[in-house]
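Student: Input run.txt, format and content: compact mmCIF, C-alpha atoms.
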# COMPACT_ATOMS: atom_id res chain seq x y z
CA MET N 25 76.24 102.52 128.27
CA ASP N 26 78.14 101.49 125.12
CA ILE N 27 81.81 101.36 124.19
CA ARG N 28 81.75 104.92 122.86
CA PHE N 29 80.99 106.17 126.37
CA TYR N 30 84.06 104.48 127.80
CA ILE N 31 86.28 105.64 124.95
CA ALA N 32 84.99 109.20 125.20
CA PHE N 33 85.44 109.55 128.94
CA PHE N 34 88.24 107.19 129.94
CA VAL N 35 90.71 107.27 127.03
CA PRO N 36 91.70 110.90 127.70
CA PHE N 37 92.30 109.92 131.34
CA PHE N 38 94.58 107.03 130.39
CA ILE N 39 96.37 109.24 127.88
CA VAL N 40 97.35 111.55 130.71
CA VAL N 41 98.24 109.01 133.39
CA SER N 42 100.14 106.61 131.14
CA CYS N 43 102.92 109.05 130.26
CA VAL N 44 106.50 108.24 131.32
CA LYS N 45 109.19 110.83 130.86
CA CYS N 46 111.94 109.84 128.44
CA ASP N 47 114.75 112.06 127.21
CA ILE N 48 115.90 109.74 124.41
CA TYR N 49 115.00 110.85 120.90
CA ALA N 50 114.33 107.78 118.77
CA ASP N 51 115.20 107.22 115.11
CA LEU N 52 111.62 106.97 113.80
CA ALA N 53 109.82 109.13 116.38
CA GLN N 54 107.95 112.35 115.65
CA GLU N 55 109.55 115.60 116.78
CA TYR N 56 107.00 118.08 118.18
CA VAL N 57 107.31 121.77 117.28
CA ASN N 58 104.95 124.75 117.32
CA THR N 59 106.58 126.60 114.44
CA PRO N 60 104.76 127.17 111.12
CA PRO N 61 104.50 123.95 109.06
CA THR N 62 107.09 123.26 106.39
CA THR N 63 104.59 121.15 104.42
CA PRO N 64 101.62 122.39 102.34
CA PHE N 65 98.21 122.70 104.00
CA LYS N 66 94.88 124.39 103.47
CA SER N 67 91.56 124.75 105.27
CA VAL N 68 88.14 123.80 103.87
CA GLY N 69 84.64 123.46 105.26
CA PHE N 70 82.49 120.36 105.05
CA GLU N 71 79.86 120.55 102.33
CA ASP N 72 76.90 118.19 102.25
CA ILE N 73 77.16 117.80 98.47
CA VAL N 74 74.17 115.46 98.26
CA PRO N 75 72.42 114.35 101.46
CA PHE N 76 72.93 110.73 102.45
CA ASN N 77 69.89 108.64 103.35
CA SER N 78 71.01 107.55 106.81
CA ASN N 79 68.01 105.24 107.19
CA SER N 80 69.68 102.71 104.91
CA TRP N 81 73.18 101.55 103.99
CA LYS N 82 72.00 100.08 100.68
CA LEU N 83 73.00 101.73 97.41
CA GLU N 84 69.52 101.45 95.89
CA ASP N 85 68.09 103.48 98.76
CA GLN N 86 70.33 106.45 98.02
CA SER N 87 69.25 109.20 95.66
CA LEU N 88 70.20 108.94 91.99
CA GLU N 89 72.20 112.13 92.35
CA TRP N 90 74.28 110.64 95.18
CA GLN N 91 74.79 107.45 93.19
CA ASN N 92 75.80 109.36 90.05
CA LYS N 93 78.36 111.49 91.90
CA MET N 94 79.95 108.45 93.55
CA ARG N 95 80.00 106.63 90.19
CA ASP N 96 81.74 109.62 88.58
CA LEU N 97 84.38 109.54 91.31
CA GLY N 98 84.83 105.83 90.67
CA ARG N 99 85.53 106.54 87.00
CA ARG N 100 88.12 109.11 87.96
CA LEU N 101 89.80 106.60 90.28
CA LYS N 102 89.90 104.07 87.46
CA ASP N 103 91.23 106.66 85.02
CA ALA N 104 94.05 107.25 87.53
CA LYS N 105 94.70 103.48 87.40
CA VAL N 106 93.82 102.86 91.05
CA GLY N 107 93.36 99.09 91.18
CA LEU N 108 93.23 98.37 94.93
CA ILE N 109 91.61 100.38 97.75
CA TYR N 110 91.89 99.52 101.44
CA PHE N 111 90.07 101.00 104.43
CA VAL N 112 92.00 100.55 107.67
CA HIS N 113 90.52 101.19 111.12
CA GLY N 114 92.38 102.69 114.03
CA THR N 115 93.03 101.81 117.68
CA PHE N 116 90.36 99.99 119.72
CA ALA N 117 88.32 99.16 116.59
CA GLY N 118 90.07 95.90 115.70
CA ASP N 119 89.91 92.25 116.67
CA ASP N 120 92.17 92.23 119.75
CA PRO N 121 92.35 95.79 121.14
CA LEU N 122 93.54 94.75 124.61
CA GLY N 123 95.96 92.09 123.41
CA LEU N 124 94.22 89.31 125.33
CA VAL N 125 93.53 86.92 122.45
CA LYS N 126 97.21 86.68 121.53
CA LEU N 127 97.94 85.23 124.98
CA PHE N 128 96.34 81.91 124.03
CA GLU N 129 96.07 82.18 120.23
CA GLN N 130 99.21 80.14 119.52
CA LYS N 131 98.05 77.24 121.67
CA TYR N 132 94.40 77.41 120.60
CA PRO N 133 94.44 78.99 117.11
CA TYR N 134 90.86 78.08 116.17
CA PHE N 135 89.45 79.47 119.41
CA GLY N 136 91.61 82.57 118.99
CA LYS N 137 90.22 83.13 115.51
CA LEU N 138 86.66 82.86 116.81
CA CYS N 139 87.43 85.38 119.55
CA LYS N 140 88.82 87.84 117.02
CA VAL N 141 85.75 87.54 114.79
CA PHE N 142 83.55 88.07 117.85
CA ASN N 143 85.57 91.09 119.04
CA LYS N 144 85.40 92.84 115.67
CA GLY N 145 81.73 92.03 115.23
CA LEU N 146 80.94 93.41 118.67
CA THR N 147 82.87 96.60 117.94
CA ASN N 148 81.02 97.08 114.64
CA THR N 149 77.67 96.52 116.34
CA ILE N 150 78.32 98.94 119.18
CA MET N 151 80.32 101.67 117.46
CA GLY N 152 78.79 101.46 114.01
CA ASP N 153 80.42 104.00 111.73
CA CYS N 154 81.60 106.33 114.50
CA GLY N 155 85.40 106.18 114.32
CA ASN N 156 85.22 102.77 112.66
CA TYR N 157 85.19 101.43 109.12
CA THR N 158 82.54 98.72 108.94
CA SER N 159 82.19 95.99 106.33
CA GLU N 160 78.90 97.65 105.31
CA TYR N 161 80.76 100.91 104.67
CA VAL N 162 83.29 99.19 102.43
CA GLU N 163 80.58 97.25 100.61
CA LEU N 164 78.56 100.40 99.91
CA PHE N 165 81.68 102.22 98.70
CA LYS N 166 82.53 99.35 96.36
CA LYS N 167 79.04 99.28 94.84
CA ALA N 168 78.82 103.06 94.64
CA ILE N 169 82.02 103.62 92.63
CA ASP N 170 80.85 100.85 90.25
CA THR N 171 84.24 99.82 88.84
CA GLU N 172 86.46 96.76 88.80
CA ILE N 173 88.59 98.31 91.56
CA TYR N 174 89.08 95.81 94.36
CA CYS N 175 87.98 97.30 97.71
CA ASP N 176 88.52 95.72 101.10
CA GLU N 177 88.87 96.46 104.80
CA PHE N 178 92.06 95.52 106.62
CA ILE N 179 91.50 94.35 110.18
CA TRP N 180 94.38 94.41 112.66
CA ASN N 181 94.55 93.86 116.41
CA SER N 182 94.32 97.64 117.09
CA GLU N 183 96.41 97.54 120.28
CA ASN N 184 97.55 100.96 121.42
CA ASN N 185 101.27 100.20 121.49
CA HIS N 186 104.29 99.85 119.23
CA LEU N 187 104.20 96.07 118.92
CA GLY N 188 100.52 96.02 117.97
CA ARG N 189 101.07 98.60 115.24
CA LEU N 190 104.24 96.86 114.05
CA LYS N 191 102.34 93.58 113.70
CA GLY N 192 99.52 95.39 111.89
CA SER N 193 101.91 97.02 109.43
CA ILE N 194 103.65 93.74 108.62
CA GLY N 195 100.26 92.08 108.10
CA LEU N 196 99.17 94.90 105.82
CA VAL N 197 102.30 94.53 103.71
CA GLU N 198 101.59 90.82 103.31
CA LYS N 199 97.96 91.43 102.30
CA ILE N 200 98.79 94.09 99.71
CA ALA N 201 101.52 91.96 98.17
CA SER N 202 99.15 89.01 97.92
CA ASP N 203 96.35 91.11 96.43
CA ILE N 204 98.65 92.66 93.82
CA ASN N 205 99.10 89.13 92.49
CA GLY N 206 95.49 87.98 92.84
CA LYS N 207 93.12 90.97 93.00
CA MET N 208 94.72 93.85 91.08
CA PRO N 209 92.94 94.49 87.73
CA SER N 210 95.13 94.15 84.64
CA TRP N 211 95.04 97.92 84.11
CA GLY N 212 95.79 98.75 87.76
CA GLU N 213 98.99 100.54 88.74
CA ARG N 214 98.11 102.26 92.02
CA VAL N 215 97.10 101.19 95.53
CA LEU N 216 95.04 103.62 97.62
CA LEU N 217 95.13 103.18 101.39
CA ILE N 218 92.69 105.15 103.57
CA GLY N 219 93.38 104.89 107.29
CA HIS N 220 91.65 106.27 110.36
CA SER N 221 93.56 107.33 113.47
CA HIS N 222 96.55 105.11 114.34
CA ALA N 223 96.12 103.19 111.09
CA GLY N 224 98.32 106.00 109.80
CA GLN N 225 101.16 104.60 111.93
CA LEU N 226 100.86 101.30 110.04
CA PHE N 227 101.30 103.28 106.84
CA ALA N 228 104.26 105.22 108.23
CA LEU N 229 106.02 102.03 109.27
CA MET N 230 105.40 100.57 105.80
CA THR N 231 107.07 103.54 104.12
CA ASN N 232 110.08 103.12 106.37
CA PHE N 233 110.32 99.43 105.49
CA LEU N 234 110.11 100.29 101.79
CA ALA N 235 112.72 103.03 102.16
CA GLN N 236 114.97 100.82 104.31
CA SER N 237 115.21 103.60 106.88
CA PRO N 238 117.69 103.41 109.77
CA GLY N 239 116.20 101.30 112.54
CA VAL N 240 113.95 99.03 110.46
CA ASP N 241 116.30 96.04 110.78
CA ASP N 242 115.96 96.31 114.55
CA LEU N 243 112.18 96.62 114.18
CA LEU N 244 112.07 93.34 112.28
CA THR N 245 114.28 91.67 114.87
CA PHE N 246 111.85 92.72 117.60
CA ALA N 247 108.94 91.58 115.43
CA SER N 248 110.50 88.14 115.14
CA ASP N 249 111.05 88.08 118.91
CA GLY N 250 107.32 88.83 119.24
CA ASN N 251 106.40 85.71 117.20
CA ILE N 252 105.54 87.73 114.09
CA ASP N 253 106.29 85.83 110.87
CA ILE N 254 108.72 87.83 108.72
CA SER N 255 110.10 84.92 106.67
CA ARG N 256 108.80 86.32 103.36
CA PHE N 257 108.75 89.99 104.29
CA ASP N 258 111.47 91.09 101.84
CA GLU N 259 109.62 89.29 99.06
CA TYR N 260 106.41 91.15 99.93
CA LEU N 261 108.20 94.50 99.94
CA GLN N 262 109.68 93.80 96.53
CA LYS N 263 106.22 93.10 95.15
CA ILE N 264 104.82 96.32 96.61
CA ARG N 265 107.65 98.34 95.08
CA THR N 266 106.21 97.48 91.65
CA VAL N 267 103.15 99.71 92.22
CA GLN N 268 102.45 103.32 93.20
CA LEU N 269 101.22 103.78 96.77
CA ASP N 270 98.78 106.55 97.68
CA TYR N 271 98.16 107.08 101.41
CA VAL N 272 95.32 109.01 103.04
CA THR N 273 95.31 109.46 106.82
CA CYS N 274 92.18 110.63 108.64
CA GLY N 275 92.73 112.07 112.10
CA THR N 276 96.06 110.31 112.54
CA PRO N 277 97.94 111.46 115.66
CA LEU N 278 101.50 112.58 115.06
CA ARG N 279 103.63 109.63 116.21
CA TYR N 280 106.05 108.04 113.73
CA LYS N 281 108.23 109.59 111.06
CA TRP N 282 107.45 108.63 107.47
CA GLY N 283 110.02 107.08 105.17
CA ASP N 284 111.79 109.13 102.54
CA GLY N 285 109.92 109.32 99.28
CA TRP N 286 106.83 111.51 99.44
CA ARG N 287 108.72 114.62 98.34
CA ASP N 288 110.11 112.96 95.21
CA GLY N 289 106.94 111.10 94.24
CA LYS N 290 107.78 107.58 95.39
CA TYR N 291 104.44 107.67 97.18
CA LYS N 292 101.67 110.21 97.73
CA LEU N 293 100.42 111.28 101.15
CA LEU N 294 97.31 113.25 102.06
CA ASN N 295 96.39 114.02 105.68
CA ILE N 296 92.79 114.94 106.53
CA ILE N 297 92.22 116.44 109.98
CA ASN N 298 89.03 117.69 111.65
CA HIS N 299 90.04 121.20 112.73
CA ARG N 300 88.45 124.50 113.64
CA GLY N 301 90.06 127.78 114.56
CA GLY N 302 91.74 129.01 111.38
CA GLY N 303 95.34 128.64 112.54
CA PHE N 304 97.83 125.82 112.16
CA LEU N 305 97.95 124.86 115.86
CA ALA N 306 95.57 122.43 117.53
CA GLY N 307 92.86 123.41 119.98
CA GLY N 308 93.71 125.52 122.97
CA ASP N 309 96.28 125.45 125.73
CA ILE N 310 95.60 122.36 127.91
CA TYR N 311 96.59 124.38 130.99
CA THR N 312 93.70 126.82 130.60
CA ILE N 313 90.09 126.55 131.78
CA LYS N 314 88.89 127.44 128.29
CA PHE N 315 90.35 124.21 126.91
CA TYR N 316 88.28 122.09 129.31
CA LEU N 317 85.14 124.09 128.62
CA ASN N 318 85.57 123.54 124.88
CA PHE N 319 86.68 119.91 125.17
CA PRO N 320 83.25 118.29 125.82
CA ARG N 321 81.71 120.23 122.91
CA THR N 322 84.49 119.35 120.45
CA LYS N 323 84.87 123.07 119.91
CA ASP N 324 88.28 122.90 118.22
CA GLY N 325 87.97 119.74 116.12
CA ASP N 326 89.65 116.38 116.67
CA TYR N 327 90.96 116.24 120.23
CA VAL N 328 92.11 112.61 119.99
CA GLN N 329 94.37 113.53 117.08
CA GLN N 330 95.75 116.28 119.30
CA LEU N 331 96.20 114.18 122.45
CA ALA N 332 97.23 110.65 121.37
CA LEU N 333 100.89 111.54 121.00
CA ALA N 334 104.08 109.83 122.16
CA GLY N 335 103.58 108.80 125.77
CA SER N 336 99.93 107.77 125.39
CA ASP N 337 100.48 104.07 124.63
CA PHE N 338 99.25 101.18 126.80
CA ASP N 339 102.30 98.92 126.92
CA MET N 340 100.89 96.41 129.45
CA ASN N 341 104.47 96.08 130.79
CA ASN N 342 105.54 94.37 127.56
CA LEU N 343 109.34 94.20 127.42
CA LEU N 344 109.36 94.33 123.61
CA ASN N 345 107.39 97.58 123.66
CA LYS N 346 109.94 99.05 126.03
CA LYS N 347 112.70 98.08 123.61
CA LEU N 348 110.73 99.53 120.70
CA ASP N 349 110.59 102.84 122.57
CA GLY N 350 114.25 103.26 121.66
CA ILE N 351 113.34 103.35 117.95
CA LEU N 352 109.75 104.60 117.81
CA GLY N 353 109.84 106.89 120.83
CA LYS N 354 108.16 107.30 124.19
CA GLY N 355 107.88 110.85 125.38
CA GLU N 356 105.99 112.68 128.09
CA VAL N 357 102.53 113.15 126.65
CA LEU N 358 101.70 116.40 128.48
CA GLU N 359 104.93 117.98 127.27
CA ASN N 360 104.10 116.91 123.71
CA VAL N 361 100.47 117.99 123.82
CA LYS N 362 101.20 121.49 125.09
CA VAL N 363 103.13 122.16 121.86
CA ARG N 364 99.72 121.92 120.07
CA MET N 365 101.25 120.56 116.86
CA ARG N 366 98.39 119.75 114.48
CA ILE N 367 99.90 119.53 111.00
CA PRO N 368 102.33 116.70 110.15
CA SER N 369 105.80 117.43 108.86
CA TYR N 370 105.14 115.09 105.92
CA GLY N 371 102.70 115.03 103.02
CA LYS N 372 99.94 117.52 102.25
CA THR N 373 97.32 118.33 104.89
CA ILE N 374 93.69 119.37 104.52
CA LEU N 375 92.18 120.91 107.65
CA VAL N 376 88.43 120.25 107.41
CA ASP N 377 85.80 121.88 109.57
CA TYR N 378 83.35 118.97 109.68
CA LYS N 379 80.95 121.15 111.70
CA ASP N 380 80.46 118.48 114.33
CA ASN N 381 80.87 120.86 117.27
CA ASN N 382 78.06 121.85 119.61
CA THR N 383 77.38 125.40 120.80
CA PHE N 384 76.12 124.57 124.28
CA LEU N 385 75.72 120.89 125.19
CA PRO N 386 78.48 118.23 125.42
CA ASN N 387 78.59 115.98 122.37
CA CYS N 388 81.92 114.24 122.95
CA ARG N 389 80.34 110.79 123.25
CA GLU N 390 78.57 111.03 119.89
CA THR N 391 81.61 112.46 118.12
CA LEU N 392 84.43 110.70 120.04
CA PHE N 393 85.85 114.13 120.76
CA GLY N 394 85.74 115.01 117.05
CA HIS N 395 87.58 111.80 116.13
CA GLY N 396 84.64 109.76 114.88
CA VAL N 397 83.50 111.98 112.02
CA TYR N 398 85.77 110.69 109.23
CA THR N 399 84.21 107.23 108.95
CA ARG N 400 80.55 108.30 108.95
CA PHE N 401 78.45 107.12 106.00
CA GLU N 402 77.13 110.62 105.41
CA LYS N 403 80.70 111.88 104.94
CA MET N 404 81.56 109.25 102.30
CA LEU N 405 80.78 111.37 99.26
CA PHE N 406 82.53 114.48 100.59
CA ASN N 407 85.64 112.56 101.68
CA THR N 408 85.87 110.59 98.45
CA LYS N 409 85.60 113.76 96.37
CA LEU N 410 88.21 115.46 98.56
CA ILE N 411 90.60 112.54 98.10
CA VAL N 412 90.09 112.25 94.36
CA ASP N 413 90.41 116.01 93.82
CA GLU N 414 93.59 116.27 95.86
CA MET N 415 95.29 113.02 94.86
CA TYR N 416 94.33 112.59 91.21
Give the structure from this file in structure tokens form.
Tutor:
Amino acid sequence: MDIRFYIAFFVPFFIVVSCVKCDIYADLAQEYVNTPPTTPFKSVGFEDIVPFNSNSWKLEDQSLEWQNKMRDLGRRLKDAKVGLIYFVHGTFAGDDPLGLVKLFEQKYPYFGKLCKVFNKGLTNTIMGDCGNYTSEYVELFKKAIDTEIYCDEFIWNSENNHLGRLKGSIGLVEKIASDINGKMPSWGERVLLIGHSHAGQLFALMTNFLAQSPGVDDLLTFASDGNIDISRFDEYLQKIRTVQLDYVTCGTPLRYKWGDGWRDGKYKLLNIINHRGGGFLAGGDIYTIKFYLNFPRTKDGDYVQQLALAGSDFDMNNLLNKKLDGILGKGEVLENVKVRMRIPSYGKTILVDYKDNNTFLPNCRETLFGHGVYTRFEKMLFNTKLIVDEMY
């Protein structure tokens, strides 16, 4: 059995049992409603524009038509002055998903670094491109678009809690600021960030830092208490404010509010969600038998995006996470899930039927309950075209 088995069958269990009821509404927490969305959205179906040769991850082994279409998209990205592109993985796909390395990393930094490299390498080997951006994926993308655009993956601990995501967001801010100075082409003006799953929470936190939203000062205080270096954080934010930020979230659960700015063009935001059913609500009612019959066959799309709401964190009894609940929220997950909110109250959303459901047999392990489709190599061309068409 591999890690996808455990994620597919045990994560939903922990999502349910980890909920703790909390009646406090936090400053930066998502509010869950089942009313029609106030933000723009549309539905599209996946189209295999040019088949991907899944027997190889090398550019030269792909058809000339596939290469040409990716190259054309690269030119359009350059014409839009996109100079930096980052691919950011979600929860459980990073270098310290259980938060164990950090326990001894300060005392044994070199050993901690080795453990993180091993953890990420093991995840890449086992999960491949199912719900995970690999270095091979990023390398192929970079070669395929054939421009001077700097492309990179951002690796964070991927813990499923507030503090882990806060640390990841602060680290991402530092990396972008550094790369603007050292990696951004002279003609570049835009930074494109593409994040899977809870990577979207890193983006949301970043927009709140940039917007100086209420509560961010307390977030930084807690970050400092958690031994996160914020000594140059204001400097990094100032550097990032000199460029245009374009965010793409893929299957991101609805957790944190986004900072003010997407409505008036301070940053762009596109949400891509695996969804079937035609309406704006997610899946079916979790209190019906039909939901559990459809669940193993990923009948309704991305169930992880639907279920990993406030109340589904693993806080490991961390006191800082409990304090962060007051800002970022900790609700009762079953109460949140039953609302069936699918579309975020921020940005523009594309509901994509990726056609990864199965008519009869369970396929939840192979698809991670519809959550693993976004990062697949064979979806690269479709997703890139969707992003370029919608964003630029």
Student: Residues at most 7 Å from N:Thr147, counting only C-alpha atoms, excluding those fewer than 4 positions away in the same chain, as a compact mmCIF listing (two decimals) with C-alpha atoms, in the frame of the given file?
Tutor:
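Listing of result.txt after writing:
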# COMPACT_ATOMS: atom_id res chain seq x y z
CA ALA N 117 88.32 99.16 116.59
CA ASN N 143 85.57 91.09 119.04
CA MET N 151 80.32 101.67 117.46
Student: What does the structure give for the distance between atom CA of N:Ile264 and atom CA of N:Ile204, in Å to one decimal?
Tutor: 7.7 Å
Student: When you look at N:Asn184 with a cut-off of 6 Å (counting only C-alpha atoms), what residues show up, excluding the ones that are within fewer than 4 positions of it in the same chain? I need them as a ChimeraX atom specification.
Tutor: /N:115,337-338
Student: Emit the selected residues as a PDB file, in the frame of the given file, including C-alpha atoms.
Tutor:
ATOM      1  CA  THR N 115      93.030 101.810 117.680  1.00  0.00           C
ATOM      2  CA  ASP N 337     100.480 104.070 124.630  1.00  0.00           C
ATOM      3  CA  PHE N 338      99.250 101.180 126.800  1.00  0.00           C
TER       4      PHE N 338
END
Student: At what distance in Å, to one decimal, does atom CA of N:His186 lie from atom CA of N:Gly285?
Tutor: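 One can read the atom CA of N:Gly285 to atom CA of N:His186 distance as 22.8 Å.
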Student: When you draw a straight line from atom CA of N:Ile252 to atom CA of N:Lys191, how long is it in Å?
Tutor: 6.7 Å
Student: Can I get a file of stretch 287-304 of chain N from the given structure, N, CA, C and O atoms kept, as a short mmCIF file (atom, residue, chain, number, x, y, z; two decimals), in the first residue's frame?
Tutor:
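In the end it all went to out-v7.cif:
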data_model
loop_
_atom_site.label_atom_id
_atom_site.label_comp_id
_atom_site.auth_asym_id
_atom_site.auth_seq_id
_atom_site.Cartn_x
_atom_site.Cartn_y
_atom_site.Cartn_z
N ARG N 287 -10.79 43.00 -6.23
CA ARG N 287 -11.86 43.68 -6.96
C ARG N 287 -11.36 44.92 -7.70
O ARG N 287 -11.89 45.28 -8.76
N ASP N 288 -10.34 45.58 -7.14
CA ASP N 288 -9.86 46.82 -7.77
C ASP N 288 -8.55 46.61 -8.51
O ASP N 288 -7.85 47.57 -8.85
N GLY N 289 -8.17 45.36 -8.76
CA GLY N 289 -7.04 45.08 -9.63
C GLY N 289 -5.68 45.09 -8.98
O GLY N 289 -4.66 45.03 -9.67
N LYS N 290 -5.62 45.14 -7.65
CA LYS N 290 -4.31 45.10 -6.99
C LYS N 290 -3.65 43.73 -7.17
O LYS N 290 -2.43 43.61 -7.13
N TYR N 291 -4.47 42.71 -7.31
CA TYR N 291 -3.98 41.39 -7.70
C TYR N 291 -5.11 40.65 -8.39
O TYR N 291 -6.29 40.99 -8.23
N LYS N 292 -4.75 39.66 -9.20
CA LYS N 292 -5.75 38.84 -9.88
C LYS N 292 -5.87 37.50 -9.16
O LYS N 292 -4.90 36.99 -8.61
N LEU N 293 -7.07 36.93 -9.22
CA LEU N 293 -7.31 35.64 -8.56
C LEU N 293 -8.24 34.79 -9.40
O LEU N 293 -9.34 35.21 -9.75
N LEU N 294 -7.76 33.59 -9.73
CA LEU N 294 -8.56 32.61 -10.47
C LEU N 294 -8.59 31.32 -9.67
O LEU N 294 -7.55 30.79 -9.28
N ASN N 295 -9.80 30.82 -9.41
CA ASN N 295 -9.99 29.56 -8.70
C ASN N 295 -10.44 28.48 -9.68
O ASN N 295 -11.42 28.68 -10.40
N ILE N 296 -9.73 27.35 -9.70
CA ILE N 296 -10.11 26.22 -10.55
C ILE N 296 -10.52 25.07 -9.63
O ILE N 296 -9.77 24.67 -8.73
N ILE N 297 -11.73 24.55 -9.85
CA ILE N 297 -12.27 23.51 -8.96
C ILE N 297 -12.87 22.38 -9.79
O ILE N 297 -13.68 22.61 -10.69
N ASN N 298 -12.47 21.15 -9.48
CA ASN N 298 -13.02 19.96 -10.11
C ASN N 298 -14.45 19.76 -9.61
O ASN N 298 -14.67 19.51 -8.42
N HIS N 299 -15.43 19.89 -10.50
CA HIS N 299 -16.83 19.91 -10.06
C HIS N 299 -17.74 19.32 -11.13
O HIS N 299 -17.58 19.58 -12.32
N ARG N 300 -18.67 18.53 -10.68
CA ARG N 300 -19.71 18.00 -11.57
C ARG N 300 -21.07 18.20 -10.92
O ARG N 300 -21.19 18.20 -9.69
N GLY N 301 -22.07 18.39 -11.72
CA GLY N 301 -23.41 18.52 -11.20
C GLY N 301 -24.18 19.71 -11.73
O GLY N 301 -25.40 19.76 -11.64
N GLY N 302 -23.47 20.71 -12.30
CA GLY N 302 -24.16 21.81 -12.95
C GLY N 302 -24.50 22.97 -12.06
O GLY N 302 -24.60 24.11 -12.53
N GLY N 303 -24.72 22.74 -10.76
CA GLY N 303 -25.08 23.83 -9.87
C GLY N 303 -23.87 24.47 -9.23
O GLY N 303 -22.73 24.16 -9.56
N PHE N 304 -24.13 25.37 -8.28
CA PHE N 304 -23.03 26.08 -7.62
C PHE N 304 -22.69 25.48 -6.26
O PHE N 304 -21.75 25.92 -5.60
#
